[in-house]
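Dropping structure07.tsv in here (TSV, C-alpha atoms):
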```
chain	number	residue	atom	x	y	z
R	477	MET	CA	69.17	5.24	101.68
R	478	ASP	CA	65.81	7.00	101.43
R	479	ASN	CA	65.26	8.92	104.70
R	480	ARG	CA	61.97	10.50	103.70
R	481	HIS	CA	59.15	9.74	106.12
R	482	LYS	CA	56.70	7.42	104.39
R	483	VAL	CA	53.30	7.06	106.01
R	484	CYS	CA	50.33	5.09	104.73
R	485	ILE	CA	46.67	6.06	104.51
R	486	ASP	CA	43.89	3.94	105.93
R	487	ARG	CA	41.17	5.03	103.55
R	488	ILE	CA	37.67	5.47	104.93
R	489	LEU	CA	34.39	5.72	103.10
R	490	PRO	CA	32.61	9.10	102.90
R	491	ARG	CA	29.75	7.82	105.07
R	492	ASP	CA	32.21	7.30	107.95
R	493	LEU	CA	33.84	10.73	107.86
R	494	MET	CA	31.40	12.35	110.29
R	495	ARG	CA	29.63	9.32	111.76
R	496	LEU	CA	28.29	9.81	115.28
R	497	GLN	CA	27.78	6.83	117.56
R	498	PRO	CA	24.06	6.54	118.38
R	499	THR	CA	23.22	5.29	121.84
R	500	LYS	CA	20.41	3.28	123.32
R	501	ARG	CA	19.37	3.28	126.97
R	502	MET	CA	19.48	-0.17	128.49
R	503	ARG	CA	17.21	-1.64	131.14
R	504	ASN	CA	19.82	-1.05	133.86
R	505	GLY	CA	19.95	2.66	133.02
R	506	GLY	CA	23.37	2.51	131.40
R	507	MET	CA	24.20	3.61	127.89
R	508	ARG	CA	25.50	1.42	125.10
R	509	ALA	CA	26.40	2.20	121.52
R	510	VAL	CA	23.95	0.62	119.10
R	511	ALA	CA	26.29	-1.79	117.37
R	512	PRO	CA	27.32	-0.21	114.05
R	513	ILE	CA	28.29	-2.40	111.13
R	514	GLY	CA	31.92	-3.24	111.88
R	515	LYS	CA	34.94	-3.56	109.66
R	516	THR	CA	35.91	-7.16	110.40
R	517	TRP	CA	35.20	-9.98	107.97
R	518	MET	CA	33.30	-13.07	109.01
R	519	ASN	CA	35.53	-15.21	111.16
R	520	GLY	CA	36.95	-18.08	109.12
R	521	SER	CA	36.59	-16.26	105.78
R	522	THR	CA	38.74	-16.87	102.73
R	523	LEU	CA	39.55	-13.49	101.18
R	524	ARG	CA	40.33	-13.52	97.49
R	525	VAL	CA	43.14	-11.28	96.25
R	526	ARG	CA	43.73	-9.87	92.76
R	527	PHE	CA	46.91	-8.15	91.65
R	528	MET	CA	46.32	-5.15	89.40
R	529	GLY	CA	49.91	-4.88	88.20
R	530	GLY	CA	53.19	-5.25	90.03
R	531	THR	CA	56.36	-7.16	89.26
R	532	PRO	CA	56.74	-10.83	90.24
R	533	THR	CA	59.02	-9.72	93.09
R	534	GLU	CA	56.49	-7.18	94.39
R	535	GLN	CA	53.69	-9.72	94.22
R	536	THR	CA	55.80	-12.27	96.09
R	537	VAL	CA	56.45	-9.80	98.92
R	538	ALA	CA	52.72	-9.08	99.19
R	539	ARG	CA	51.89	-12.80	99.36
R	540	GLN	CA	54.55	-13.51	101.97
R	541	GLN	CA	53.55	-10.67	104.29
R	542	ALA	CA	49.82	-11.39	103.98
R	543	GLU	CA	50.63	-14.86	105.26
R	544	TRP	CA	51.92	-13.34	108.51
R	545	TRP	CA	48.29	-12.62	109.44
R	546	ALA	CA	46.90	-15.89	108.08
R	547	GLN	CA	49.28	-17.84	110.32
R	548	VAL	CA	47.72	-16.42	113.49
R	549	ALA	CA	44.17	-15.35	112.51
R	550	ASN	CA	41.24	-17.52	111.48
R	551	LEU	CA	41.42	-16.14	107.93
R	552	LYS	CA	42.84	-17.32	104.62
R	553	PHE	CA	43.99	-15.44	101.52
R	554	ASP	CA	43.46	-16.89	98.05
R	555	PHE	CA	45.62	-15.12	95.46
R	556	ASN	CA	43.50	-16.25	92.53
R	557	ASP	CA	43.15	-12.91	90.67
R	558	ALA	CA	39.35	-13.27	90.66
R	559	LEU	CA	37.63	-10.31	89.01
R	560	ASN	CA	35.39	-9.93	92.07
R	561	ALA	CA	38.17	-10.44	94.62
R	562	GLU	CA	37.59	-8.75	97.97
R	563	ILE	CA	41.14	-7.32	98.03
R	564	ARG	CA	42.55	-5.78	94.84
R	565	ILE	CA	46.13	-4.53	94.90
R	566	ALA	CA	47.75	-1.90	92.69
R	567	PHE	CA	51.46	-1.03	92.71
R	568	ASP	CA	51.38	2.63	91.66
R	569	HIS	CA	54.70	4.10	92.80
R	570	ASN	CA	53.22	7.61	92.61
R	571	ASP	CA	50.32	6.89	94.97
R	572	GLY	CA	52.03	5.88	98.20
R	573	ALA	CA	50.85	2.99	100.37
R	574	TRP	CA	47.25	2.77	101.51
R	575	SER	CA	44.33	0.43	102.03
R	576	TYR	CA	40.64	0.54	102.73
R	577	VAL	CA	39.78	-0.95	106.11
R	578	GLY	CA	38.21	-4.40	106.38
R	579	THR	CA	34.78	-4.88	104.85
R	580	ASP	CA	34.83	-1.36	103.38
R	581	CYS	CA	36.64	-3.09	100.52
R	582	ARG	CA	33.28	-4.53	99.45
R	583	SER	CA	32.00	-1.02	98.67
R	584	ILE	CA	34.72	-0.21	96.14
R	585	PRO	CA	33.97	-0.71	92.40
R	586	LEU	CA	35.50	-3.93	91.10
R	587	ASN	CA	37.65	-2.08	88.55
R	588	GLU	CA	39.37	-0.08	91.30
R	589	PRO	CA	42.04	-1.19	93.79
R	590	THR	CA	41.29	-1.52	97.49
R	591	MET	CA	44.99	-1.33	98.34
R	592	ASN	CA	48.07	0.30	96.83
R	593	LEU	CA	51.64	-0.76	97.51
R	594	GLY	CA	53.57	2.16	96.05
R	595	PHE	CA	56.57	1.22	98.16
R	596	LEU	CA	57.47	-2.01	99.92
R	597	ASP	CA	59.96	-0.96	102.57
R	598	GLY	CA	60.23	-3.42	105.46
R	599	GLY	CA	56.81	-4.65	106.52
R	600	THR	CA	54.73	-2.23	104.44
R	601	ALA	CA	52.67	-4.98	102.78
R	602	GLY	CA	52.05	-6.61	106.16
R	603	HIS	CA	50.89	-3.26	107.52
R	604	GLU	CA	48.47	-2.72	104.63
R	605	PHE	CA	47.05	-6.23	104.93
R	606	GLY	CA	46.47	-5.37	108.59
R	607	HIS	CA	44.19	-2.57	107.40
R	608	ALA	CA	42.54	-4.92	104.89
R	609	ILE	CA	41.49	-7.30	107.68
R	610	GLY	CA	40.12	-4.46	109.80
R	611	LEU	CA	42.97	-2.99	111.85
R	612	ALA	CA	43.54	0.74	112.34
R	613	HIS	CA	46.74	2.71	112.81
R	614	GLU	CA	48.32	2.13	116.22
R	615	HIS	CA	49.43	5.76	116.52
R	616	GLN	CA	45.73	6.72	116.48
R	617	ASN	CA	45.01	4.46	119.45
R	618	PRO	CA	43.36	6.69	122.11
R	619	ALA	CA	45.63	5.02	124.68
R	620	GLY	CA	48.74	6.03	122.74
R	621	GLY	CA	49.52	9.38	124.30
R	622	ILE	CA	51.81	10.58	121.49
R	623	GLN	CA	52.37	14.32	122.00
R	624	TRP	CA	52.40	15.63	118.45
R	625	ASN	CA	54.03	18.90	117.43
R	626	GLU	CA	51.19	19.62	115.04
R	627	GLU	CA	52.87	22.50	113.22
R	628	VAL	CA	55.92	20.38	112.41
R	629	VAL	CA	53.88	17.31	111.43
R	630	ILE	CA	51.68	19.30	109.06
R	631	ARG	CA	54.70	21.00	107.48
R	632	GLU	CA	56.73	17.80	107.01
R	633	ALA	CA	53.83	15.69	105.75
R	634	ALA	CA	53.25	18.27	103.00
R	635	LYS	CA	56.66	17.40	101.54
R	636	SER	CA	57.73	14.43	99.39
R	637	PRO	CA	56.80	11.57	99.31
R	638	ASN	CA	53.37	12.24	100.87
R	639	PHE	CA	52.41	15.76	99.66
R	640	TRP	CA	49.46	15.86	102.07
R	641	ASP	CA	47.34	18.89	102.82
R	642	GLU	CA	46.46	19.69	106.43
R	643	VAL	CA	43.11	17.86	106.35
R	644	THR	CA	44.76	14.65	105.12
R	645	THR	CA	47.54	14.90	107.71
R	646	ARG	CA	45.06	15.38	110.52
R	647	HIS	CA	43.10	12.33	109.38
R	648	ASN	CA	46.10	10.05	108.85
R	649	ILE	CA	48.31	11.08	111.76
R	650	LEU	CA	46.95	13.56	114.29
R	651	ARG	CA	43.37	12.35	114.73
R	652	LYS	CA	42.78	9.72	117.40
R	653	TYR	CA	39.87	7.33	117.54
R	654	THR	CA	37.54	7.60	120.51
R	655	ALA	CA	37.36	4.63	122.85
R	656	ASP	CA	33.89	3.63	121.60
R	657	GLN	CA	35.00	3.53	117.96
R	658	ILE	CA	37.49	0.70	118.31
R	659	ASN	CA	38.06	-2.73	119.70
R	660	GLY	CA	41.44	-1.93	121.20
R	661	THR	CA	44.26	-2.89	123.45
R	662	ALA	CA	46.73	-0.82	125.38
R	663	PHE	CA	49.07	1.14	123.12
R	664	ASP	CA	51.59	-1.22	121.51
R	665	PRO	CA	54.87	0.52	120.54
R	666	ASP	CA	56.00	-2.66	118.74
R	667	SER	CA	52.90	-3.08	116.54
R	668	ILE	CA	53.37	-3.39	112.79
R	669	MET	CA	50.42	-0.99	112.58
R	670	LEU	CA	52.65	1.75	114.03
R	671	TYR	CA	54.87	3.66	111.63
R	672	PHE	CA	58.20	5.36	112.34
R	673	PHE	CA	57.86	8.98	113.40
R	674	PRO	CA	60.95	11.11	114.16
R	675	ALA	CA	61.39	12.70	117.58
R	676	SER	CA	61.22	16.14	115.95
R	677	TRP	CA	57.53	15.52	115.20
R	678	THR	CA	56.65	15.37	118.92
R	679	LEU	CA	56.61	17.94	121.71
R	680	ASN	CA	58.49	15.77	124.19
R	681	GLY	CA	61.16	14.57	121.76
R	682	ILE	CA	59.98	10.95	121.91
R	683	GLY	CA	59.46	9.41	118.49
R	684	THR	CA	58.48	5.90	117.42
R	685	LYS	CA	60.55	3.20	115.78
R	686	ALA	CA	59.90	1.36	112.55
R	687	ASN	CA	58.23	-2.00	113.16
R	688	GLU	CA	58.67	-4.41	110.29
R	689	VAL	CA	57.08	-7.59	111.67
R	690	LEU	CA	53.99	-8.47	113.70
R	691	SER	CA	54.44	-7.85	117.41
R	692	ALA	CA	53.48	-10.34	120.09
R	693	MET	CA	50.43	-8.19	120.88
R	694	ASP	CA	49.47	-7.99	117.18
R	695	LYS	CA	49.36	-11.79	117.07
R	696	VAL	CA	47.42	-12.17	120.30
R	697	PHE	CA	44.93	-9.45	119.42
R	698	VAL	CA	44.11	-10.56	115.88
R	699	ALA	CA	43.68	-14.17	117.05
R	700	GLY	CA	41.61	-13.12	120.05
R	701	ALA	CA	37.90	-12.90	120.71
R	702	LYS	CA	37.61	-9.37	119.28
R	703	MET	CA	38.93	-10.31	115.84
R	704	TYR	CA	39.50	-13.78	114.32
R	705	PRO	CA	39.83	-16.54	116.94
R	706	LYS	CA	40.88	-19.93	115.62
R	707	ALA	CA	38.19	-21.47	117.81
R	708	GLY	CA	35.53	-19.82	115.67
R	709	GLY	CA	33.51	-21.79	113.16
R	710	THR	CA	34.08	-21.95	109.43
R	711	THR	CA	31.56	-22.15	106.60
R	712	SER	CA	32.39	-25.82	106.09
R	713	ASN	CA	31.03	-26.75	109.54
R	714	ALA	CA	28.24	-24.18	109.81
R	715	VAL	CA	25.03	-25.50	111.37
R	716	GLU	CA	22.17	-25.79	108.88
R	717	LEU	CA	19.00	-23.84	109.69
R	718	LEU	CA	15.77	-24.87	107.96
R	719	VAL	CA	13.54	-21.99	106.92
R	720	ASN	CA	10.19	-22.09	108.77
R	721	ALA	CA	11.29	-25.03	110.91
R	722	LYS	CA	8.66	-26.11	113.45
R	723	ARG	CA	11.06	-25.77	116.35
R	724	ARG	CA	13.73	-23.23	117.15
R	725	THR	CA	17.36	-24.36	117.08
R	726	GLN	CA	18.77	-24.43	120.62
R	727	ALA	CA	22.32	-23.18	121.07
R	728	SER	CA	24.71	-21.56	123.53
R	729	ILE	CA	27.82	-19.45	123.72
R	730	GLY	CA	29.71	-22.04	125.71
R	731	LYS	CA	32.95	-20.17	126.28
R	732	VAL	CA	34.19	-16.61	126.18
R	733	GLY	CA	34.85	-15.39	122.65
R	734	GLU	CA	32.95	-18.21	120.95
R	735	GLU	CA	31.22	-17.42	117.67
R	736	ASP	CA	28.47	-19.70	116.35
R	737	LEU	CA	28.02	-19.99	112.60
R	738	TYR	CA	24.86	-21.02	110.73
R	739	ARG	CA	23.78	-21.33	107.12
R	740	PHE	CA	20.37	-21.38	105.49
R	741	THR	CA	19.02	-21.46	101.96
R	742	ALA	CA	16.45	-18.97	100.75
R	743	GLY	CA	14.62	-21.05	98.16
R	744	THR	CA	12.76	-18.10	96.67
R	745	ASP	CA	12.95	-14.33	96.76
R	746	GLY	CA	11.03	-12.77	99.62
R	747	ARG	CA	11.12	-11.26	103.08
R	748	TYR	CA	12.94	-13.25	105.74
R	749	VAL	CA	13.35	-12.81	109.49
R	750	ILE	CA	16.21	-14.24	111.54
R	751	ASP	CA	15.94	-13.81	115.30
R	752	THR	CA	17.23	-15.12	118.60
R	753	LEU	CA	15.39	-15.74	121.86
R	754	GLY	CA	16.68	-16.30	125.36
R	755	PRO	CA	18.40	-14.62	128.30
R	756	THR	CA	21.72	-14.12	126.52
R	757	ASP	CA	22.69	-10.77	124.98
R	758	VAL	CA	23.93	-11.66	121.50
R	759	VAL	CA	25.05	-9.84	118.36
R	760	MET	CA	24.13	-11.29	114.98
R	761	LYS	CA	25.54	-10.75	111.47
R	762	LEU	CA	24.03	-11.84	108.15
R	763	PHE	CA	26.21	-12.55	105.10
R	764	GLY	CA	25.30	-13.48	101.53
R	765	PRO	CA	23.87	-14.32	99.13
R	766	ASN	CA	26.29	-17.11	98.22
R	767	SER	CA	29.14	-15.25	99.90
R	768	GLU	CA	30.85	-15.53	103.26
R	769	THR	CA	32.33	-12.04	102.98
R	770	ALA	CA	29.42	-9.85	101.83
R	771	LEU	CA	27.94	-8.41	105.03
R	772	ILE	CA	24.24	-7.62	104.61
R	773	ALA	CA	23.26	-6.56	108.11
R	774	GLU	CA	24.29	-6.62	111.76
R	775	ASP	CA	22.05	-6.32	114.81
R	776	ASP	CA	22.30	-6.28	118.57
R	777	ASP	CA	19.04	-5.55	120.39
R	778	SER	CA	16.24	-5.24	117.80
R	779	GLY	CA	14.56	-8.39	119.11
R	780	LEU	CA	12.87	-9.08	122.44
R	781	ASP	CA	14.89	-7.59	125.33
R	782	THR	CA	18.54	-7.98	124.36
R	783	ASN	CA	17.96	-10.50	121.57
R	784	ALA	CA	18.98	-9.90	117.96
R	785	ARG	CA	16.61	-9.66	115.00
R	786	ILE	CA	17.31	-9.07	111.30
R	787	ALA	CA	14.47	-8.70	108.79
R	788	GLY	CA	15.01	-8.04	105.12
R	789	ASP	CA	14.13	-8.77	101.52
R	790	LEU	CA	16.46	-11.51	100.29
R	791	ILE	CA	16.93	-13.06	96.88
R	792	ALA	CA	17.19	-16.82	96.47
R	793	GLY	CA	20.57	-18.17	97.55
R	794	GLU	CA	22.69	-19.38	100.45
R	795	TYR	CA	23.20	-17.18	103.52
R	796	PHE	CA	25.42	-17.31	106.60
R	797	VAL	CA	24.53	-16.11	110.10
R	798	GLN	CA	27.16	-15.44	112.75
R	799	VAL	CA	26.17	-15.12	116.42
R	800	ARG	CA	28.37	-14.05	119.33
R	801	HIS	CA	27.88	-12.66	122.83
R	802	TYR	CA	27.77	-8.87	123.14
R	803	SER	CA	30.59	-9.06	125.66
R	804	ARG	CA	33.50	-10.72	123.89
R	805	GLN	CA	35.52	-10.55	127.10
R	806	SER	CA	33.21	-12.33	129.55
R	807	GLY	CA	29.90	-13.36	127.98
R	808	THR	CA	28.44	-16.87	127.81
R	809	GLY	CA	24.90	-18.21	127.84
R	810	LYS	CA	22.07	-20.04	126.09
R	811	TYR	CA	19.87	-18.81	123.24
R	812	SER	CA	17.76	-20.15	120.37
R	813	ILE	CA	17.64	-19.08	116.73
R	814	LYS	CA	15.14	-19.37	113.90
R	815	VAL	CA	14.71	-18.29	110.26
R	816	ARG	CA	11.25	-17.52	108.88
R	817	LYS	CA	9.96	-16.53	105.47
R	818	LEU	CA	7.02	-14.16	105.80
```

Go ahead and express the file in the form of structure tokens.
Amino acid sequence: MDNRHKVCIDRILPRDLMRLQPTKRMRNGGMRAVAPIGKTWMNGSTLRVRFMGGTPTEQTVARQQAEWWAQVANLKFDFNDALNAEIRIAFDHNDGAWSYVGTDCRSIPLNEPTMNLGFLDGGTAGHEFGHAIGLAHEHQNPAGGIQWNEEVVIREAAKSPNFWDEVTTRHNILRKYTADQINGTAFDPDSIMLYFFPASWTLNGIGTKANEVLSAMDKVFVAGAKMYPKAGGTTSNAVELLVNAKRRTQASIGKVGEEDLYRFTAGTDGRYVIDTLGPTDVVMKLFGPNSETALIAEDDDSGLDTNARIAGDLIAGEYFVQVRHYSRQSGTGKYSIKVRKL
């Protein structure tokens, strides 16, 4: 039995290494982070997957464990080996297990993998697909409270099979996210996103156990309002918006966690504006062209008061707009939406 401590890497893009969270003062005097472009895919997306190697057995394990997430989240995986697949998986046994997080996969050159499954112990593939749909490591949850013995962790992570330097170890294990960087829950010791760590790596002698399947909280969280609720719309039933329509389309967030989905066709290249109006504080995302997974822009309060507004130069094609309330936990209310070509 291999008792070496195998830990995966959730790879982040260089632009995120030192990203500060800008803030904007609200009318009530409070502070809110200006919504950064997130890591989650559009709710209801079908993510294409391409294998870049691997044995039939390895590929089967990857398919089976990806399905764990698809069974509970409003997402699908299509293992069609498309050259422009959003998720591209290598099986390099000398490169450990790692994945880029969520929509960061779109920024990786198409001839490079976005995930590597160098080992497939237990639920490793399920863990990496968790990263691919936008989940972070549970041990870096700010609510976790793991008391690391940093000297021991750095020394042990430098050995086989990881061979990490101190900077890598601090990023992958010791660093915690701040509360405003994540959509999170209370620390979940049963999460598949938590790896096994021996008691000797902590100051209080309390380690973590290996979790090889999705926990109850994993399932609830990924299917909840913060991630991929089944109640969300899909591209097949998206509401059509006519460019330069005479009247605005009236809509509402009728229940907590609801996400409204629209589509429109840019008939010609040019500058387009999509905005909302009304008393409801909404967040809006724009995807396309001709893609439900390519995030172009995200906005919270660039419009009037707390309304959303996205303006940009678009090429001809089909686009998708997703609208949700700023407060996924409690927000509902009416709004209107319109697309204009300037």

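The closest residue to Arg524 in chain R, picked from R:Ala634, R:Gly807, R:Glu768, R:Asp736 and counting all atoms listed in the file, is R:Glu768.
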
* Just how far from CA of Gly733 in chain R is CA of Ala549 in chain R, in Å to one decimal? ->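 Between CA of Ala549 in chain R and CA of Gly733 in chain R the gap is 13.8 Å.
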
* **Selection: 9 Å around range 679-693 of chain R, all atoms listed in the file, excl. self and same-chain fewer than 3 positions, as JSON, numbers by chain** => {"R": [541, 544, 545, 597, 598, 599, 600, 602, 603, 622, 623, 624, 625, 626, 661, 664, 665, 666, 667, 668, 669, 670, 671, 672, 673, 674, 675, 676, 696, 697, 698]}

Could you please take those selected residues and save C-alpha atoms as a short mmCIF file (atom, residue, chain, number, x, y, z; two decimals), in the frame of the given file?
```
data_model
loop_
_atom_site.label_atom_id
_atom_site.label_comp_id
_atom_site.auth_asym_id
_atom_site.auth_seq_id
_atom_site.Cartn_x
_atom_site.Cartn_y
_atom_site.Cartn_z
CA GLN R 541 53.55 -10.67 104.29
CA TRP R 544 51.92 -13.34 108.51
CA TRP R 545 48.29 -12.62 109.44
CA ASP R 597 59.96 -0.96 102.57
CA GLY R 598 60.23 -3.42 105.46
CA GLY R 599 56.81 -4.65 106.52
CA THR R 600 54.73 -2.23 104.44
CA GLY R 602 52.05 -6.61 106.16
CA HIS R 603 50.89 -3.26 107.52
CA ILE R 622 51.81 10.58 121.49
CA GLN R 623 52.37 14.32 122.00
CA TRP R 624 52.40 15.63 118.45
CA ASN R 625 54.03 18.90 117.43
CA GLU R 626 51.19 19.62 115.04
CA THR R 661 44.26 -2.89 123.45
CA ASP R 664 51.59 -1.22 121.51
CA PRO R 665 54.87 0.52 120.54
CA ASP R 666 56.00 -2.66 118.74
CA SER R 667 52.90 -3.08 116.54
CA ILE R 668 53.37 -3.39 112.79
CA MET R 669 50.42 -0.99 112.58
CA LEU R 670 52.65 1.75 114.03
CA TYR R 671 54.87 3.66 111.63
CA PHE R 672 58.20 5.36 112.34
CA PHE R 673 57.86 8.98 113.40
CA PRO R 674 60.95 11.11 114.16
CA ALA R 675 61.39 12.70 117.58
CA SER R 676 61.22 16.14 115.95
CA VAL R 696 47.42 -12.17 120.30
CA PHE R 697 44.93 -9.45 119.42
CA VAL R 698 44.11 -10.56 115.88
#
```

* Asked: From the list R:Leu737, R:Val715, R:Leu762, R:Ala558, which residue is nearest Asn587 in chain R when using all atoms listed in the file?
  ->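 When distances to Asn587 in chain R are compared using all atoms listed in the file, the smallest one comes from R:Ala558.
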
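Those DNA, RNA and protein residues that approach the point (24.9, -16.5, 98.6) to within 6 Å, considering all atoms listed in the file, are Gly764, Pro765, Asn766, Ser767, Gly793, Glu794 and Tyr795 of chain R.
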
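Among the candidate residues R:Lys814, R:Arg539, R:Lys761, R:Lys702, the one lying nearest to Val749 in chain R is R:Lys814, with distances computed using only C-alpha atoms.
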
* **Length of the CA of Leu650 in chain R to CA of His607 in chain R vector [Å]** =>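 Spanning CA of Leu650 in chain R to CA of His607 in chain R is a straight-line distance of 17.8 Å.
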
Polymer residues at most 6 Å from (46.4, -4.2, 95.1) by all atoms listed in the file, as a JSON list (two decimals) with C-alpha atoms, keeping the file's coordinate frame:
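Output contents, as saved in out.json:
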```json
[["chain", "number", "residue", "atom", "x", "y", "z"],
["R", 527, "PHE", "CA", 46.91, -8.15, 91.65],
["R", 528, "MET", "CA", 46.32, -5.15, 89.40],
["R", 564, "ARG", "CA", 42.55, -5.78, 94.84],
["R", 565, "ILE", "CA", 46.13, -4.53, 94.90],
["R", 566, "ALA", "CA", 47.75, -1.90, 92.69],
["R", 589, "PRO", "CA", 42.04, -1.19, 93.79],
["R", 591, "MET", "CA", 44.99, -1.33, 98.34],
["R", 592, "ASN", "CA", 48.07, 0.30, 96.83]]
```

* Asked: In Å, with one decimal, what is the gap from CA of Val537 in chain R to CA of Glu604 in chain R?
  -> 12.1 Å

* Asked: What lies within 8 Å of Phe763 in chain R using all atoms listed in the file, ignoring chain neighbours under 3 positions off, as a PyMOL selection string?
  -> chain R and resi 767-773+795-797

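The shortest atom-to-atom distance to Phe555 in chain R, with all atoms listed in the file taken into account, belongs to R:Leu523 out of R:Met760, R:Val577, R:Ile729, R:Leu523.
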
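The smallest atom-to-atom distance between Leu753 in chain R and any of R:Met703, R:Glu716, R:Gly788, R:Ile813, using only C-alpha atoms, is found for R:Ile813.
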